[in-house]
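Here's data.cif, which has mmCIF, C-alpha atoms and all ligand atoms:
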```cif
data_upload
#
loop_
_atom_site.label_atom_id
_atom_site.label_comp_id
_atom_site.auth_asym_id
_atom_site.auth_seq_id
_atom_site.Cartn_x
_atom_site.Cartn_y
_atom_site.Cartn_z
CA MET I 74 -21.79 -8.12 8.04
CA GLN I 75 -19.78 -10.53 10.15
CA ALA I 76 -17.74 -13.47 9.01
CA THR I 77 -19.42 -16.81 9.53
CA PRO I 78 -16.71 -19.43 9.45
CA SER I 79 -17.56 -23.10 9.64
CA ASP I 80 -19.99 -24.14 12.35
CA VAL I 81 -18.45 -27.61 12.24
CA SER I 82 -15.97 -26.11 14.68
CA GLU I 83 -18.79 -26.22 17.24
CA PRO I 84 -18.77 -22.67 18.58
CA SER I 85 -20.43 -22.26 21.94
CA GLN I 86 -23.60 -20.15 21.88
CA GLN I 87 -22.43 -18.06 24.85
CA SER I 88 -18.96 -17.51 23.47
CA THR I 89 -17.51 -14.07 24.06
CA ARG I 90 -14.84 -14.47 21.41
CA PRO I 91 -14.70 -11.53 19.05
CA THR I 92 -16.03 -11.99 15.58
CA ALA I 93 -13.70 -11.50 12.65
CA PRO I 94 -12.64 -7.86 12.58
CA THR I 95 -13.54 -7.07 9.00
CA GLU I 96 -16.53 -4.90 8.13
CA GLN I 97 -17.37 -7.16 5.23
CA GLY I 98 -17.37 -10.94 5.37
CA ILE I 99 -13.95 -12.50 5.54
CA SER I 100 -14.17 -14.03 2.05
CA THR I 101 -15.24 -10.70 0.54
CA THR I 102 -12.31 -9.07 2.31
CA SER I 103 -9.92 -11.77 1.08
CA VAL I 104 -11.01 -11.24 -2.51
CA HIS I 105 -11.29 -7.44 -2.65
CA ALA I 106 -9.54 -5.65 0.24
CA GLY I 107 -6.44 -3.65 -0.55
CA GLU I 108 -7.03 -3.65 -4.30
CA ALA I 109 -7.96 -0.76 -6.55
CA ARG I 110 -11.31 -1.24 -8.30
CA GLN I 111 -9.87 -0.15 -11.63
CA LYS I 112 -6.27 -1.19 -12.18
CA SER I 113 -3.63 -0.18 -14.65
CA ILE I 114 -4.11 -1.58 -18.16
CA ASN I 115 -7.68 -2.43 -17.03
CA SER I 116 -6.59 -5.86 -15.85
CA ILE I 117 -8.76 -7.47 -13.15
CA THR I 118 -5.61 -8.82 -11.49
CA ASP I 119 -2.84 -6.62 -10.14
CA PRO I 120 0.08 -6.55 -12.59
CA VAL I 121 3.29 -8.22 -11.40
CA VAL I 122 5.76 -5.34 -11.50
CA LEU I 123 9.24 -6.78 -11.98
CA ALA I 124 11.20 -3.67 -11.07
CA SER I 125 13.91 -3.16 -8.49
CA THR I 126 13.89 0.60 -9.07
CA PHE I 127 11.25 3.17 -10.02
CA THR I 128 11.87 6.24 -12.15
CA PHE I 129 11.16 9.95 -11.55
CA GLU I 130 10.08 12.21 -14.37
CA ASN I 131 12.28 15.05 -13.10
CA THR I 132 13.94 16.45 -9.96
CA GLN I 133 10.71 18.15 -8.82
CA ALA I 134 8.94 14.75 -8.87
CA LEU I 135 11.74 13.36 -6.70
CA ILE I 136 11.47 16.30 -4.27
CA ASP I 137 7.68 15.81 -4.07
CA PHE I 138 8.33 12.19 -3.12
CA VAL I 139 11.06 12.96 -0.58
CA GLU I 140 8.80 15.58 1.06
CA ASN I 141 5.95 13.04 1.26
CA ARG I 142 3.65 14.82 -1.18
CA GLU I 143 3.68 11.86 -3.54
CA ASP I 144 2.85 8.29 -2.43
CA ARG I 145 4.71 6.03 -4.85
CA SER I 146 7.51 3.46 -5.07
CA GLU I 147 11.18 4.41 -5.18
CA TYR I 148 13.31 1.31 -4.71
CA GLY I 149 12.30 -2.33 -4.10
CA ARG I 150 13.86 -2.66 -0.67
CA TYR I 151 11.60 0.14 0.66
CA GLY I 152 8.35 -1.24 -0.75
CA ALA I 153 6.82 -2.26 -4.06
CA PRO I 154 3.33 -1.96 -5.58
CA GLY I 155 2.40 -5.67 -5.33
CA GLU I 156 3.70 -5.84 -1.78
CA GLN I 157 1.58 -2.86 -0.73
CA VAL I 158 -1.61 -4.47 -2.09
CA VAL I 159 -0.94 -7.63 -0.07
CA GLU I 160 -0.09 -5.61 3.05
CA ARG I 161 -3.40 -3.72 2.82
CA LYS I 162 -5.32 -6.96 2.28
CA LEU I 163 -3.67 -8.67 5.26
CA ALA I 164 -4.23 -5.63 7.49
CA ALA I 165 -7.93 -5.64 6.55
CA LEU I 166 -8.22 -9.36 7.31
CA GLU I 167 -6.54 -8.93 10.69
CA GLY I 168 -8.40 -5.75 11.63
CA ALA I 169 -5.00 -4.08 12.04
CA GLU I 170 -4.01 -0.54 11.20
CA ASP I 171 -0.94 -1.64 9.25
CA ALA I 172 1.02 -4.68 8.05
CA VAL I 173 4.66 -5.23 7.09
CA LEU I 174 5.35 -8.10 4.71
CA TYR I 175 8.57 -10.15 4.78
CA ALA I 176 10.31 -12.84 2.79
CA SER I 177 9.39 -15.49 5.41
CA GLY I 178 7.77 -15.90 8.80
CA MET I 179 11.19 -16.08 10.45
CA ALA I 180 12.25 -12.87 8.71
CA ALA I 181 9.10 -11.20 10.12
CA LEU I 182 9.90 -12.28 13.67
CA ALA I 183 13.56 -11.31 13.32
CA GLY I 184 12.45 -7.95 11.91
CA VAL I 185 10.36 -7.24 14.99
CA LEU I 186 13.01 -8.41 17.44
CA ASN I 187 15.90 -6.60 15.77
CA SER I 188 13.91 -3.41 15.69
CA MET I 189 12.62 -3.54 19.26
CA LEU I 190 15.49 -4.99 21.29
CA ALA I 191 18.86 -3.57 22.34
CA SER I 192 21.69 -4.87 24.46
CA GLY I 193 20.50 -5.59 28.01
CA ASP I 194 16.86 -5.91 26.99
CA GLU I 195 14.92 -9.04 27.90
CA ILE I 196 12.30 -11.06 26.08
CA VAL I 197 10.03 -13.71 27.61
CA PHE I 198 8.68 -16.63 25.57
CA PHE I 199 6.12 -19.29 26.32
CA ASP I 200 8.23 -22.41 25.82
CA GLU I 201 6.13 -24.12 23.15
CA CYS I 202 6.92 -21.38 20.61
CA TYR I 203 8.43 -22.46 17.29
CA HIS I 204 11.91 -23.75 18.13
CA ARG I 205 13.60 -21.64 15.43
CA SER I 206 12.08 -18.48 16.95
CA ARG I 207 13.59 -19.34 20.32
CA GLU I 208 16.84 -20.42 18.68
CA TYR I 209 17.10 -17.03 16.96
CA CYS I 210 16.94 -15.32 20.34
CA ARG I 211 19.00 -17.75 22.37
CA THR I 212 21.78 -18.30 19.83
CA TYR I 213 21.93 -15.11 17.80
CA LEU I 214 20.37 -12.20 19.68
CA SER I 215 22.31 -13.26 22.79
CA LYS I 216 25.48 -12.24 20.90
CA PHE I 217 24.13 -8.69 20.99
CA GLY I 218 23.37 -8.82 24.71
CA VAL I 219 19.64 -9.61 24.49
CA VAL I 220 18.47 -11.91 27.29
CA THR I 221 15.88 -14.60 26.47
CA LYS I 222 13.74 -16.23 29.13
CA GLU I 223 11.36 -19.13 28.59
CA VAL I 224 8.50 -20.05 30.88
CA LYS I 225 6.04 -22.91 30.70
CA THR I 226 3.29 -22.32 28.19
CA GLY I 227 0.10 -21.23 29.90
CA ASP I 228 1.84 -20.38 33.18
CA TYR I 229 0.85 -16.72 33.35
CA ASP I 230 2.20 -16.30 36.89
CA ALA I 231 5.62 -17.52 35.73
CA MET I 232 5.49 -15.13 32.80
CA GLU I 233 4.66 -12.24 35.09
CA ALA I 234 7.39 -13.26 37.53
CA ALA I 235 9.93 -13.31 34.68
CA ILE I 236 9.27 -9.65 33.83
CA THR I 237 11.90 -7.14 34.97
CA PRO I 238 12.32 -3.42 34.18
CA ASN I 239 14.41 -4.55 31.16
CA THR I 240 11.66 -6.70 29.63
CA LYS I 241 10.54 -5.34 26.27
CA LEU I 242 8.54 -8.15 24.70
CA LEU I 243 6.27 -11.07 25.68
CA VAL I 244 5.94 -13.71 22.97
CA SER I 245 3.62 -16.63 22.42
CA GLU I 246 1.96 -18.58 19.69
CA SER I 247 -1.69 -19.52 19.78
CA PRO I 248 -2.27 -22.35 19.19
CA THR I 249 1.23 -23.72 19.74
CA ASN I 250 2.79 -26.42 17.65
CA PRO I 251 2.61 -29.42 17.94
CA GLN I 252 0.84 -29.42 21.34
CA MET I 253 -1.91 -27.05 20.14
CA SER I 254 -2.02 -25.17 23.45
CA VAL I 255 -4.28 -22.12 23.25
CA ILE I 256 -3.42 -18.86 24.98
CA ASP I 257 -5.83 -16.83 27.10
CA LEU I 258 -5.27 -13.72 24.98
CA ASP I 259 -7.07 -11.35 27.39
CA ARG I 260 -4.80 -12.43 30.22
CA PHE I 261 -1.66 -12.31 28.09
CA ALA I 262 -2.53 -8.81 26.87
CA ALA I 263 -3.36 -7.66 30.42
CA ILE I 264 0.04 -8.78 31.74
CA GLY I 265 1.74 -6.81 28.98
CA LYS I 266 -0.33 -3.69 29.63
CA GLN I 267 0.12 -3.86 33.40
CA HIS I 268 3.91 -3.99 33.06
CA GLY I 269 4.20 -1.70 30.03
CA VAL I 270 5.63 -4.55 27.91
CA THR I 271 4.69 -5.09 24.24
CA THR I 272 2.90 -8.37 23.49
CA ILE I 273 3.18 -10.35 20.27
CA ILE I 274 1.21 -13.44 19.22
CA ASP I 275 2.33 -15.69 16.40
CA ALA I 276 -1.10 -16.71 15.11
CA THR I 277 0.16 -18.76 12.15
CA LEU I 278 -1.82 -21.87 13.13
CA ALA I 279 -5.07 -20.00 13.69
CA THR I 280 -5.01 -17.21 11.06
CA PRO I 281 -7.44 -14.26 11.21
CA PHE I 282 -10.16 -16.69 10.14
CA ASN I 283 -10.03 -18.31 13.57
CA ILE I 284 -8.65 -15.75 16.05
CA SER I 285 -8.35 -11.97 16.42
CA PRO I 286 -5.55 -11.22 18.92
CA ILE I 287 -5.73 -7.45 18.36
CA ALA I 288 -9.38 -7.41 19.45
CA HIS I 289 -8.17 -8.98 22.73
CA GLY I 290 -5.66 -6.17 23.29
CA ILE I 291 -2.53 -7.87 21.90
CA ASP I 292 -0.13 -5.29 20.43
CA LEU I 293 1.39 -7.18 17.49
CA VAL I 294 0.35 -10.27 15.53
CA MET I 295 2.61 -12.20 13.20
CA HIS I 296 2.05 -15.03 10.76
CA SER I 297 4.12 -17.28 8.63
CA ALA I 298 2.12 -16.49 5.47
CA THR I 299 3.91 -19.50 3.98
CA LYS I 300 1.18 -21.58 5.64
CA TYR I 301 -2.60 -20.98 5.43
CA MET I 302 -2.40 -17.51 3.89
CA GLY I 303 -0.42 -18.56 0.83
CA GLY I 304 -2.18 -21.87 1.15
CA HIS I 305 -0.59 -23.78 -1.74
CA ASN I 306 2.85 -24.81 -0.46
CA ASP I 307 4.41 -22.72 -3.22
CA LEU I 308 5.77 -19.62 -1.48
CA LEU I 309 7.52 -18.32 1.61
CA ALA I 310 6.31 -15.12 3.26
CA GLY I 311 5.72 -13.60 6.67
CA VAL I 312 3.81 -10.65 8.04
CA VAL I 313 3.65 -8.58 11.20
CA LEU I 314 0.54 -6.53 11.96
CA GLY I 315 -0.45 -3.87 14.47
CA SER I 316 -0.59 -0.11 14.92
CA LYS I 317 1.28 2.20 12.56
CA GLU I 318 3.10 3.62 15.54
CA LEU I 319 4.57 0.24 16.46
CA LEU I 320 5.18 -0.81 12.87
CA ASP I 321 6.85 2.35 11.53
CA PRO I 322 10.31 1.60 13.03
CA ILE I 323 9.92 -2.08 12.09
CA ARG I 324 9.20 -1.09 8.48
CA LYS I 325 12.18 1.28 8.48
CA LEU I 326 14.49 -1.54 9.56
CA ARG I 327 13.08 -3.81 6.85
CA GLY I 328 14.03 -1.08 4.37
CA VAL I 329 17.59 -1.11 5.72
CA MET I 330 18.01 -4.90 5.89
CA GLY I 331 15.96 -5.90 2.84
CA PRO I 332 14.18 -9.19 3.71
CA VAL I 333 11.46 -8.33 1.18
CA THR I 334 9.16 -10.64 -0.75
CA THR I 335 9.67 -10.84 -4.51
CA PRO I 336 6.97 -9.42 -6.82
CA HIS I 337 6.16 -12.93 -8.06
CA ASN I 338 5.79 -14.20 -4.50
CA CYS I 339 3.53 -11.26 -3.65
CA TYR I 340 1.34 -12.15 -6.60
CA LEU I 341 1.14 -15.80 -5.50
CA LEU I 342 0.22 -14.70 -1.99
CA GLN I 343 -2.43 -12.29 -3.27
CA ARG I 344 -3.86 -15.04 -5.44
CA GLY I 345 -3.74 -17.58 -2.60
CA LEU I 346 -5.60 -15.15 -0.34
CA LYS I 347 -8.51 -14.94 -2.79
CA THR I 348 -9.66 -18.38 -1.58
CA PHE I 349 -8.57 -17.93 2.03
CA GLY I 350 -12.09 -18.09 3.49
CA LEU I 351 -13.10 -21.16 1.47
CA ARG I 352 -9.89 -22.99 2.28
CA MET I 353 -10.01 -22.20 6.00
CA LYS I 354 -13.60 -23.44 6.22
CA GLN I 355 -12.48 -26.73 4.71
CA HIS I 356 -9.32 -26.92 6.89
CA ASN I 357 -11.50 -26.36 9.99
CA GLU I 358 -14.03 -28.99 8.91
CA ASN I 359 -11.36 -31.53 8.05
CA GLY I 360 -9.45 -30.87 11.28
CA MET I 361 -12.54 -31.45 13.40
CA ALA I 362 -13.68 -34.57 11.51
CA VAL I 363 -10.22 -36.17 11.49
CA ALA I 364 -9.57 -35.32 15.16
CA ARG I 365 -12.86 -36.98 16.15
CA TYR I 366 -12.01 -40.05 14.04
CA LEU I 367 -8.55 -40.34 15.62
CA GLU I 368 -9.89 -39.91 19.13
CA ASP I 369 -12.10 -42.98 18.66
CA HIS I 370 -9.38 -45.12 17.08
CA PRO I 371 -8.17 -48.04 19.24
CA ARG I 372 -4.53 -47.60 18.10
CA VAL I 373 -4.45 -43.93 19.04
CA GLU I 374 -3.24 -43.06 22.52
CA ARG I 375 -3.93 -39.33 22.56
CA VAL I 376 -5.07 -36.55 20.23
CA TRP I 377 -4.05 -32.90 20.63
CA TYR I 378 -6.68 -30.76 18.90
CA PRO I 379 -8.23 -27.73 20.64
CA GLY I 380 -11.67 -28.44 19.17
CA LEU I 381 -11.90 -31.68 21.16
CA GLU I 382 -13.45 -31.54 24.62
CA SER I 383 -10.54 -33.70 25.82
CA HIS I 384 -7.95 -31.04 24.96
CA PRO I 385 -6.68 -29.27 28.10
CA TYR I 386 -7.19 -25.86 26.47
CA HIS I 387 -10.62 -26.58 24.95
CA GLU I 388 -12.47 -24.06 27.15
CA ILE I 389 -10.05 -21.23 26.28
CA ALA I 390 -10.19 -22.30 22.63
CA LYS I 391 -14.00 -22.05 22.67
CA GLU I 392 -13.75 -18.54 24.08
CA THR I 393 -11.09 -17.22 21.74
CA MET I 394 -11.35 -19.22 18.50
CA ARG I 395 -13.97 -19.35 15.76
CA GLY I 396 -12.61 -22.62 14.39
CA TYR I 397 -9.66 -24.84 15.22
CA GLY I 398 -7.72 -25.24 11.97
CA GLY I 399 -6.31 -28.23 10.16
CA LEU I 400 -3.37 -29.23 12.36
CA ILE I 401 -3.76 -32.30 14.57
CA THR I 402 -1.17 -34.08 16.67
CA PHE I 403 -1.74 -37.65 17.85
CA SER I 404 0.28 -40.43 19.44
CA VAL I 405 0.27 -44.09 18.49
CA LYS I 406 -0.54 -46.50 21.33
CA ASP I 407 2.31 -48.78 22.51
CA ALA I 408 4.57 -47.70 19.62
CA ASP I 409 8.25 -46.83 19.73
CA TRP I 410 9.64 -44.27 17.29
CA LYS I 411 10.27 -46.84 14.55
CA GLN I 412 6.77 -48.29 14.77
CA THR I 413 5.45 -44.73 14.64
CA ALA I 414 7.60 -44.04 11.58
CA ALA I 415 6.06 -47.15 9.96
CA VAL I 416 2.58 -45.62 10.42
CA VAL I 417 3.79 -42.43 8.70
CA ASP I 418 5.44 -44.41 5.89
CA ARG I 419 2.19 -46.20 5.01
CA ALA I 420 0.48 -42.89 4.10
CA LYS I 421 -0.66 -42.77 0.48
CA LEU I 422 -2.60 -39.51 0.31
CA ALA I 423 -0.79 -37.52 3.01
CA ARG I 424 2.72 -36.51 1.90
CA ILE I 425 5.68 -36.67 4.28
CA ALA I 426 6.83 -33.07 4.62
CA PRO I 427 7.22 -30.23 7.12
CA SER I 428 4.88 -27.23 7.04
CA LEU I 429 1.10 -26.93 7.20
CA GLY I 430 -1.74 -24.86 5.85
CA GLY I 431 -1.48 -25.82 2.19
CA VAL I 432 -4.11 -27.57 0.13
CA GLU I 433 -2.25 -30.90 0.37
CA THR I 434 -2.44 -32.98 3.56
CA LEU I 435 1.02 -33.42 5.11
CA ILE I 436 2.16 -35.92 7.69
CA GLU I 437 5.32 -36.03 9.81
CA GLN I 438 6.80 -37.43 12.98
CA PRO I 439 8.00 -34.38 14.97
CA LEU I 440 10.82 -36.40 16.56
CA VAL I 441 12.36 -37.10 13.14
CA MET I 442 11.30 -33.99 11.22
CA SER I 443 12.23 -31.27 13.70
CA TYR I 444 13.81 -32.71 16.84
CA PHE I 445 16.23 -35.45 15.66
CA GLU I 446 19.24 -33.34 16.64
CA PHE I 447 18.05 -33.04 20.25
CA THR I 448 18.74 -35.42 23.15
CA PRO I 449 15.88 -37.55 24.58
CA GLU I 450 15.99 -35.34 27.70
CA GLN I 451 15.61 -32.18 25.62
CA ARG I 452 12.71 -33.74 23.73
CA VAL I 453 10.97 -34.51 27.02
CA GLU I 454 11.54 -30.88 28.00
CA PHE I 455 9.96 -29.73 24.69
CA GLY I 456 7.02 -32.14 25.12
CA ILE I 457 7.97 -34.08 21.98
CA GLU I 458 7.09 -37.75 22.36
CA ASP I 459 8.63 -40.54 20.25
CA ASN I 460 5.21 -41.83 19.16
CA MET I 461 3.77 -38.43 18.12
CA ILE I 462 2.52 -37.82 14.58
CA ARG I 463 1.60 -34.39 13.25
CA LEU I 464 -1.02 -34.27 10.56
CA ALA I 465 -1.66 -31.03 8.67
CA CYS I 466 -5.03 -31.58 7.01
CA GLY I 467 -5.27 -30.09 3.54
CA ILE I 468 -8.52 -29.30 1.77
CA GLU I 469 -9.17 -32.75 0.33
CA ASP I 470 -12.41 -34.52 1.34
CA SER I 471 -12.23 -35.53 4.99
CA ALA I 472 -13.46 -39.04 4.14
CA ASP I 473 -10.38 -39.57 1.98
CA ILE I 474 -7.98 -38.28 4.65
CA ILE I 475 -9.66 -40.60 7.16
CA ALA I 476 -9.47 -43.55 4.73
CA ASP I 477 -5.74 -42.92 4.36
CA LEU I 478 -5.27 -42.84 8.14
CA GLU I 479 -7.36 -46.00 8.49
CA GLN I 480 -4.94 -47.94 6.34
CA CYS I 481 -1.94 -46.29 8.02
CA LEU I 482 -3.17 -47.49 11.41
CA ALA I 483 -4.49 -50.85 10.21
CA GLU I 484 -1.49 -52.99 11.16
C1 LIG I 501 4.23 -21.07 14.13
C2 LIG I 501 5.30 -20.72 13.17
N1 LIG I 501 5.84 -19.50 13.19
C3 LIG I 501 6.80 -19.14 12.32
C4 LIG I 501 7.28 -20.02 11.39
C5 LIG I 501 8.36 -19.57 10.43
O1 LIG I 501 7.80 -19.31 9.19
P1 LIG I 501 8.60 -19.44 7.80
O2 LIG I 501 8.85 -20.89 7.58
O3 LIG I 501 7.67 -18.82 6.82
O4 LIG I 501 9.85 -18.67 7.99
C6 LIG I 501 6.75 -21.29 11.30
C7 LIG I 501 7.25 -22.21 10.24
O5 LIG I 501 7.54 -23.26 10.22
C8 LIG I 501 5.73 -21.67 12.22
O6 LIG I 501 5.20 -22.89 12.20
#
```
Any chance you could give the structure as structure tokens?
Amino acid sequence: MQATPSDVSEPSQQSTRPTAPTEQGISTTSVHAGEARQKSINSITDPVVLASTFTFENTQALIDFVENREDRSEYGRYGAPGEQVVERKLAALEGAEDAVLYASGMAALAGVLNSMLASGDEIVFFDECYHRSREYCRTYLSKFGVVTKEVKTGDYDAMEAAITPNTKLLVSESPTNPQMSVIDLDRFAAIGKQHGVTTIIDATLATPFNISPIAHGIDLVMHSATKYMGGHNDLLAGVVLGSKELLDPIRKLRGVMGPVTTPHNCYLLQRGLKTFGLRMKQHNENGMAVARYLEDHPRVERVWYPGLESHPYHEIAKETMRGYGGLITFSVKDADWKQTAAVVDRAKLARIAPSLGGVETLIEQPLVMSYFEFTPEQRVEFGIEDNMIRLACGIEDSADIIADLEQCLAE
């Protein structure tokens, strides 16, 4: 059985995009995958095990564990029962062999980079990647001799030209944020394979509900599970997914460094994932409805949403995505940054906050929220316009989100 996400996202009949990778429907997978049918103390939910260490009955039990005859927990930094359930569930959703869970999305990315890169190695980013990801490489990994290159998002020739014998990793998001550019995953994967360079896609904005990078040949996928996967703006988590072979050293380093998720957080994430399919369907429907509304609004200059025919990456989006998510960026016509801020400040339903993917609709002006410390020239370079607003649609009724925007844009 294949997943059948929202058809409000207007999939093309001829689309070659892969279906969701799970054998069961995506909602069935979200609810059941990774969990034992019968759990300890007969509870239907997995118990939250608040233990930093795990005991051994005797020395022979310890030897059985050390010699890999016994699959069990030893110490929280190396893995915990609740964490393993969530990792199995996320791997099933992604169609990946394995998953490594982290305390945040940034910890997941840093875990991959620290494990894969050494002094003299190079990494190439598409330049619309999350600015903290690029900052981590440019400011911190550079201290250890790692060289970071950035090329224009979607310029595959430039990416290829940036590859040298020292290049170890090609990185992009899809879609990017806030421009919502969508990557041609087949092409990205092919460049990596041709040059023997590992590819990683940060698919936080799409989730496995909407894209399947591994089915396109991408080596590693990562998500900030803080967003749609947790889904309730109440936890931080991150995950990296791919083959066991690639993930084994990454997992080992996590065990050394310790950026693990707490048992309580794991439980919240597992619980959030139970409604993943339902929530994503609603995020996709709201995103499409609100993007169409904004596109027709006389005070709106431009809307960036890959589900709209007007988006420069719409054709690639139709080929690679099953739905387009809840994040929309738009610009206010003839408005300077203060007039744009006034539109944001009139919101009554949407809350002013960073992040996305939770049940509550959030609104922000990227210039103020994330790029205030940068010069106007740098903002132009990043594609951040003064009159941009980023709206992360929650799962409320789209009519109510639209009514809120109507009064925001009324004056
Ligand atoms: C696309 C993307 N990747 C990674 C991250 C980092 O995730 P976290 O905040 O969970 O560390 C974010 C968060 O803002 C993001 O938007």
Which residues of stretch 131-186 of chain I come within 12 Å of stretch 242-259 of chain I, and for each one, what is the closest pair of atoms and their distance in Å to one decimal, counting only C-alpha atoms, sorted by chain and residue number, as JSON lines?
```
{"residue": "I:Leu182", "atom": "CA", "partner": "I:Val244", "partner_atom": "CA", "distance": 10.2}
{"residue": "I:Val185", "atom": "CA", "partner": "I:Leu242", "partner_atom": "CA", "distance": 9.9}
{"residue": "I:Leu186", "atom": "CA", "partner": "I:Leu242", "partner_atom": "CA", "distance": 8.5}
```
task = Could you tell me which of I:Glu208, I:Met302, I:Tyr203, I:Pro332 comes closest to I:Asp275 if we count only C-alpha atoms?
result =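 Closest candidate: I:Tyr203.
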Chain I near ligand LIG 501 (chain I) within 10 Å: what's each residue's closest atom pair and its distance in Å to one decimal, counting only C-alpha atoms and all ligand atoms, ordered by chain then ascending residue number, as a tab-separated table?
```
residue	atom	partner	partner_atom	distance
I:Tyr175	CA	I:LIG501	O3	9.0
I:Ala176	CA	I:LIG501	O3	7.7
I:Ser177	CA	I:LIG501	O3	4.0
I:Gly178	CA	I:LIG501	O1	3.4
I:Met179	CA	I:LIG501	O4	3.8
I:Ala180	CA	I:LIG501	O4	6.3
I:Ala181	CA	I:LIG501	O4	7.8
I:Leu182	CA	I:LIG501	C3	7.6
I:Ala183	CA	I:LIG501	O4	9.8
I:Glu201	CA	I:LIG501	C1	9.7
I:Cys202	CA	I:LIG501	C1	7.0
I:Tyr203	CA	I:LIG501	C1	5.4
I:His204	CA	I:LIG501	C8	8.8
I:Arg205	CA	I:LIG501	C5	7.5
I:Ser206	CA	I:LIG501	C3	7.1
I:Ser245	CA	I:LIG501	C1	9.4
I:Glu246	CA	I:LIG501	C1	6.5
I:Ser247	CA	I:LIG501	C1	8.3
I:Pro248	CA	I:LIG501	C1	8.3
I:Thr249	CA	I:LIG501	C1	6.9
I:Asn250	CA	I:LIG501	C1	6.6
I:Pro251	CA	I:LIG501	O6	9.1
I:Ile274	CA	I:LIG501	C1	9.7
I:Asp275	CA	I:LIG501	N1	6.1
I:Ala276	CA	I:LIG501	C1	7.0
I:Thr277	CA	I:LIG501	C1	5.1
I:Leu278	CA	I:LIG501	C1	6.2
I:Ala279	CA	I:LIG501	C1	9.4
I:Met295	CA	I:LIG501	N1	8.0
I:His296	CA	I:LIG501	N1	6.3
I:Ser297	CA	I:LIG501	O1	4.2
I:Ala298	CA	I:LIG501	O3	6.2
I:Thr299	CA	I:LIG501	O3	4.8
I:Lys300	CA	I:LIG501	O3	7.2
I:Leu308	CA	I:LIG501	O3	8.6
I:Leu309	CA	I:LIG501	O3	5.2
I:Ala310	CA	I:LIG501	O3	5.3
I:Gly311	CA	I:LIG501	O3	5.6
I:Val312	CA	I:LIG501	O3	9.1
I:Pro427	CA	I:LIG501	O5	7.6
I:Ser428	CA	I:LIG501	O5	5.7
I:Leu429	CA	I:LIG501	O6	7.6
I:Gly430	CA	I:LIG501	O6	9.6
I:Ser443	CA	I:LIG501	O5	9.9
```
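Among I:Lys325, I:His305, I:Arg463, I:Arg260, the residue with the shortest atom-to-atom distance to I:Gly152, counting all atoms listed in the file, is I:Lys325.
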query = Skipping near chain neighbours, those fewer than 5 positions away, what residues fall within 7 Å of I:Thr126 using all atoms listed in the file, listed as a ChimeraX atom specification?
reply = /I:147-149
query = What is the atom CA of I:Phe349 to atom CA of I:Val363 distance in Å?
reply =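 Those two atoms sit 20.6 Å apart.
Closest to I:Ile264 among I:Met232, I:Val294, I:Ile284, I:Ile117 is I:Met232, based on only C-alpha atoms.
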request  = Fewer than 4 positions away in the same chain doesn't count, so skip those; otherwise give me all residues within 12 Å of I:Ala231, counting only C-alpha atoms, as a list in words.
outcome  = Val197, Phe198, Phe199, Asp200, Lys222, Glu223, Val224, Lys225, Thr226, Gly227, Ala235, Ile236, Leu243, Phe261 and Ile264 of chain I
Take the residues just selected and output them with C-alpha atoms as a tab-separated table (two decimals), keeping the file's coordinate frame.
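Result file follows (out.tsv):
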```tsv
chain	number	residue	atom	x	y	z
I	197	VAL	CA	10.03	-13.71	27.61
I	198	PHE	CA	8.68	-16.63	25.57
I	199	PHE	CA	6.12	-19.29	26.32
I	200	ASP	CA	8.23	-22.41	25.82
I	222	LYS	CA	13.74	-16.23	29.13
I	223	GLU	CA	11.36	-19.13	28.59
I	224	VAL	CA	8.50	-20.05	30.88
I	225	LYS	CA	6.04	-22.91	30.70
I	226	THR	CA	3.29	-22.32	28.19
I	227	GLY	CA	0.10	-21.23	29.90
I	235	ALA	CA	9.93	-13.31	34.68
I	236	ILE	CA	9.27	-9.65	33.83
I	243	LEU	CA	6.27	-11.07	25.68
I	261	PHE	CA	-1.66	-12.31	28.09
I	264	ILE	CA	0.04	-8.78	31.74
```
ask   = Pick from I:Asn131, I:Ser113, I:Thr413, I:Ser188: nearest to I:Pro439, with all atoms listed in the file counted?
value =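 Looking at the shortest contact to I:Pro439, the residue is I:Thr413.
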What's the 10 Å shell around I:Ile287, counting only C-alpha atoms, without same-chain residues fewer than 2 positions away, as an mmCIF file with C-alpha atoms, in the frame of the given file?
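New file result-v1.cif:
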```cif
data_model
loop_
_atom_site.group_PDB
_atom_site.id
_atom_site.type_symbol
_atom_site.label_atom_id
_atom_site.label_comp_id
_atom_site.auth_asym_id
_atom_site.auth_seq_id
_atom_site.Cartn_x
_atom_site.Cartn_y
_atom_site.Cartn_z
ATOM 1 C CA PRO I 91 -14.700 -11.530 19.050
ATOM 2 C CA PRO I 94 -12.640 -7.860 12.580
ATOM 3 C CA GLU I 167 -6.540 -8.930 10.690
ATOM 4 C CA GLY I 168 -8.400 -5.750 11.630
ATOM 5 C CA ALA I 169 -5.000 -4.080 12.040
ATOM 6 C CA LEU I 258 -5.270 -13.720 24.980
ATOM 7 C CA ASP I 259 -7.070 -11.350 27.390
ATOM 8 C CA ALA I 262 -2.530 -8.810 26.870
ATOM 9 C CA ILE I 273 3.180 -10.350 20.270
ATOM 10 C CA ILE I 274 1.210 -13.440 19.220
ATOM 11 C CA ILE I 284 -8.650 -15.750 16.050
ATOM 12 C CA SER I 285 -8.350 -11.970 16.420
ATOM 13 C CA HIS I 289 -8.170 -8.980 22.730
ATOM 14 C CA GLY I 290 -5.660 -6.170 23.290
ATOM 15 C CA ILE I 291 -2.530 -7.870 21.900
ATOM 16 C CA ASP I 292 -0.130 -5.290 20.430
ATOM 17 C CA LEU I 293 1.390 -7.180 17.490
ATOM 18 C CA VAL I 294 0.350 -10.270 15.530
ATOM 19 C CA LEU I 314 0.540 -6.530 11.960
ATOM 20 C CA GLY I 315 -0.450 -3.870 14.470
ATOM 21 C CA SER I 316 -0.590 -0.110 14.920
#
```
